[in-house]
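First the structure, in the form of structure tokens, and then the observations on it.
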Amino acid sequence: MLTEAPVKQEHYGREVWTHQAMDNLRKTQCLCRSCGRLKPGLPDNCAIAGKLYEICKADDVAMSITRCPDWIATPGSFVSAPCGGVKWQPSR
Ligand code: SF4
């Protein structure tokens with residue numbers, strides 16, 4: 001059950017229901033946004049991310065990826081921790 005009421009906002013020229021807290025978290029916490037495989041417009045862009053993008057574009061939705069078997073850190077990525085923050089070192 002939602003603890004925050006969605007609000008109507010305009011995004012990309014269309015009014016859509018928006019969960020503002022989730023939408024704000026998406027900008028900093030979506031795995032794709034800190035993934036070395038996300039390369040929009042390039043031939044080696046992540047195939048999963050490409051499919052998700054097409055869904056978002058076609059249906060005016062936004063999503064945040066919280067699980068992925070293929071995520072890899074980008075150089076200098078940070079993973080937040082309650083004690084302040086830990087510098088993440090890519091493993092591959
Ligand atoms: S590998 Fe996973 S986290 Fe990385 S861009 Fe693709 S779907 Fe997103």
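We label chains A, B, ... in the order they appear in the structure tokens, count residues from 1 in each chain, and number ligands from 1 in the order shown.
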Name the residues, by chain letter and number, that sit within 7 Å of ligand 1 using only C-alpha atoms and all ligand atoms, and give them as a list in words.
->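 Using only C-alpha atoms and all ligand atoms, everything at most 7 Å from ligand 1 comes to Leu31, Cys32, Cys35, Gly36, Arg37, Leu38, Cys46, Ala47, Ile48, Ala49, Ile65, Cys68, Pro69, Asp70, Trp71 and Ile72 of chain A.
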What are the DSSP strand (DSSP E or B) residues of chain A, as a list in words?
->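 In chain A, DSSP puts these residues in strand (DSSP E or B): Val7, Lys8, Gln9, Glu10, His11, Arg14, Glu15, Val16, Trp17, Thr18, Cys35, Ala73, Phe78, Val79, Val86 and Lys87 of chain A.
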Selected residues written out with N, CA and C atoms, as a compact mmCIF listing (two decimals), in the first residue's frame:
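part_14.txt was written with the following content:
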```txt
# COMPACT_ATOMS: atom_id res chain seq x y z
N VAL A 7 0.88 12.31 -7.41
CA VAL A 7 0.36 13.59 -7.88
C VAL A 7 0.45 13.62 -9.40
N LYS A 8 -0.38 14.43 -10.00
CA LYS A 8 -0.31 14.57 -11.46
C LYS A 8 0.74 15.62 -11.81
N GLN A 9 1.64 15.25 -12.73
CA GLN A 9 2.67 16.15 -13.21
C GLN A 9 2.82 15.96 -14.71
N GLU A 10 3.36 16.99 -15.34
CA GLU A 10 3.63 16.86 -16.76
C GLU A 10 5.07 16.41 -16.98
N HIS A 11 5.22 15.34 -17.72
CA HIS A 11 6.55 14.84 -18.09
C HIS A 11 6.54 14.55 -19.59
N ARG A 14 3.20 15.20 -21.41
CA ARG A 14 1.97 14.48 -21.07
C ARG A 14 1.79 14.48 -19.56
N GLU A 15 0.54 14.68 -19.12
CA GLU A 15 0.26 14.63 -17.69
C GLU A 15 0.18 13.18 -17.24
N VAL A 16 0.99 12.85 -16.23
CA VAL A 16 1.05 11.47 -15.74
C VAL A 16 1.01 11.47 -14.21
N TRP A 17 0.50 10.39 -13.62
CA TRP A 17 0.56 10.22 -12.18
C TRP A 17 2.01 9.94 -11.79
N THR A 18 2.47 10.63 -10.76
CA THR A 18 3.87 10.53 -10.36
C THR A 18 3.98 10.30 -8.85
N CYS A 35 25.64 2.10 -14.04
CA CYS A 35 26.11 0.84 -14.60
C CYS A 35 27.01 1.07 -15.81
N ALA A 73 29.90 -1.72 -11.94
CA ALA A 73 30.10 -0.34 -11.51
C ALA A 73 30.80 0.46 -12.59
N PHE A 78 29.94 5.36 -6.40
CA PHE A 78 29.83 5.28 -4.96
C PHE A 78 28.60 4.47 -4.60
N VAL A 79 28.73 3.67 -3.58
CA VAL A 79 27.58 2.99 -3.01
C VAL A 79 27.37 3.60 -1.64
N VAL A 86 30.96 4.27 0.81
CA VAL A 86 32.07 3.35 0.53
C VAL A 86 32.41 3.48 -0.95
N LYS A 87 33.65 3.68 -1.26
CA LYS A 87 34.08 3.74 -2.66
C LYS A 87 34.01 2.33 -3.24
```
Between atom CA of A:His19 and atom CA of A:Ala5 - distance in Å to one decimal = 7.0 Å
What's the 9 Å shell around A:Arg26, counting only C-alpha atoms, without same-chain residues fewer than 3 positions away, as a tab-separated table (two decimals) with N, CA and C atoms, in the first residue's frame?
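Once written, result.tsv looks like this:
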```tsv
chain	number	residue	atom	x	y	z
A	21	ALA	N	8.48	10.72	-4.39
A	21	ALA	CA	9.62	10.18	-3.63
A	21	ALA	C	10.34	9.11	-4.45
A	22	MET	N	9.57	8.22	-5.08
A	22	MET	CA	10.18	7.18	-5.91
A	22	MET	C	10.86	7.79	-7.13
A	23	ASP	N	10.24	8.80	-7.68
A	23	ASP	CA	10.81	9.44	-8.87
A	23	ASP	C	12.14	10.11	-8.52
A	29	GLN	N	19.33	6.33	-7.39
A	29	GLN	CA	19.46	4.96	-6.90
A	29	GLN	C	19.22	3.86	-7.94
A	30	CYS	N	18.74	4.21	-9.12
A	30	CYS	CA	18.52	3.19	-10.15
A	30	CYS	C	19.87	2.57	-10.53
A	31	LEU	N	19.95	1.25	-10.50
A	31	LEU	CA	21.20	0.57	-10.84
A	31	LEU	C	21.69	0.95	-12.24
A	33	ARG	N	21.57	3.65	-13.81
A	33	ARG	CA	22.21	4.97	-13.90
A	33	ARG	C	23.65	4.97	-13.42
A	62	ALA	N	8.03	5.54	-16.03
A	62	ALA	CA	9.43	5.58	-15.60
A	62	ALA	C	9.62	4.45	-14.61
A	63	MET	N	10.81	3.89	-14.60
A	63	MET	CA	11.07	2.79	-13.68
A	63	MET	C	12.50	2.90	-13.14
A	64	SER	N	12.68	2.24	-12.02
A	64	SER	CA	13.99	2.19	-11.40
A	64	SER	C	14.38	0.73	-11.24
A	65	ILE	N	15.55	0.37	-11.70
A	65	ILE	CA	15.99	-1.03	-11.60
A	65	ILE	C	16.68	-1.24	-10.25
```
Could you jot down the atom CA of A:Asp60 to atom CA of A:Tyr12 separation for me, Å, one decimal place?
->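 Result for atom CA of A:Asp60 versus atom CA of A:Tyr12: 8.2 Å, one decimal.
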Just list the residues in stretch 21-50 of chain A DSSP gives helix (DSSP H, G or I) on the backbone, as a ChimeraX atom specification.
-> /A:21-29,31-34,47-50
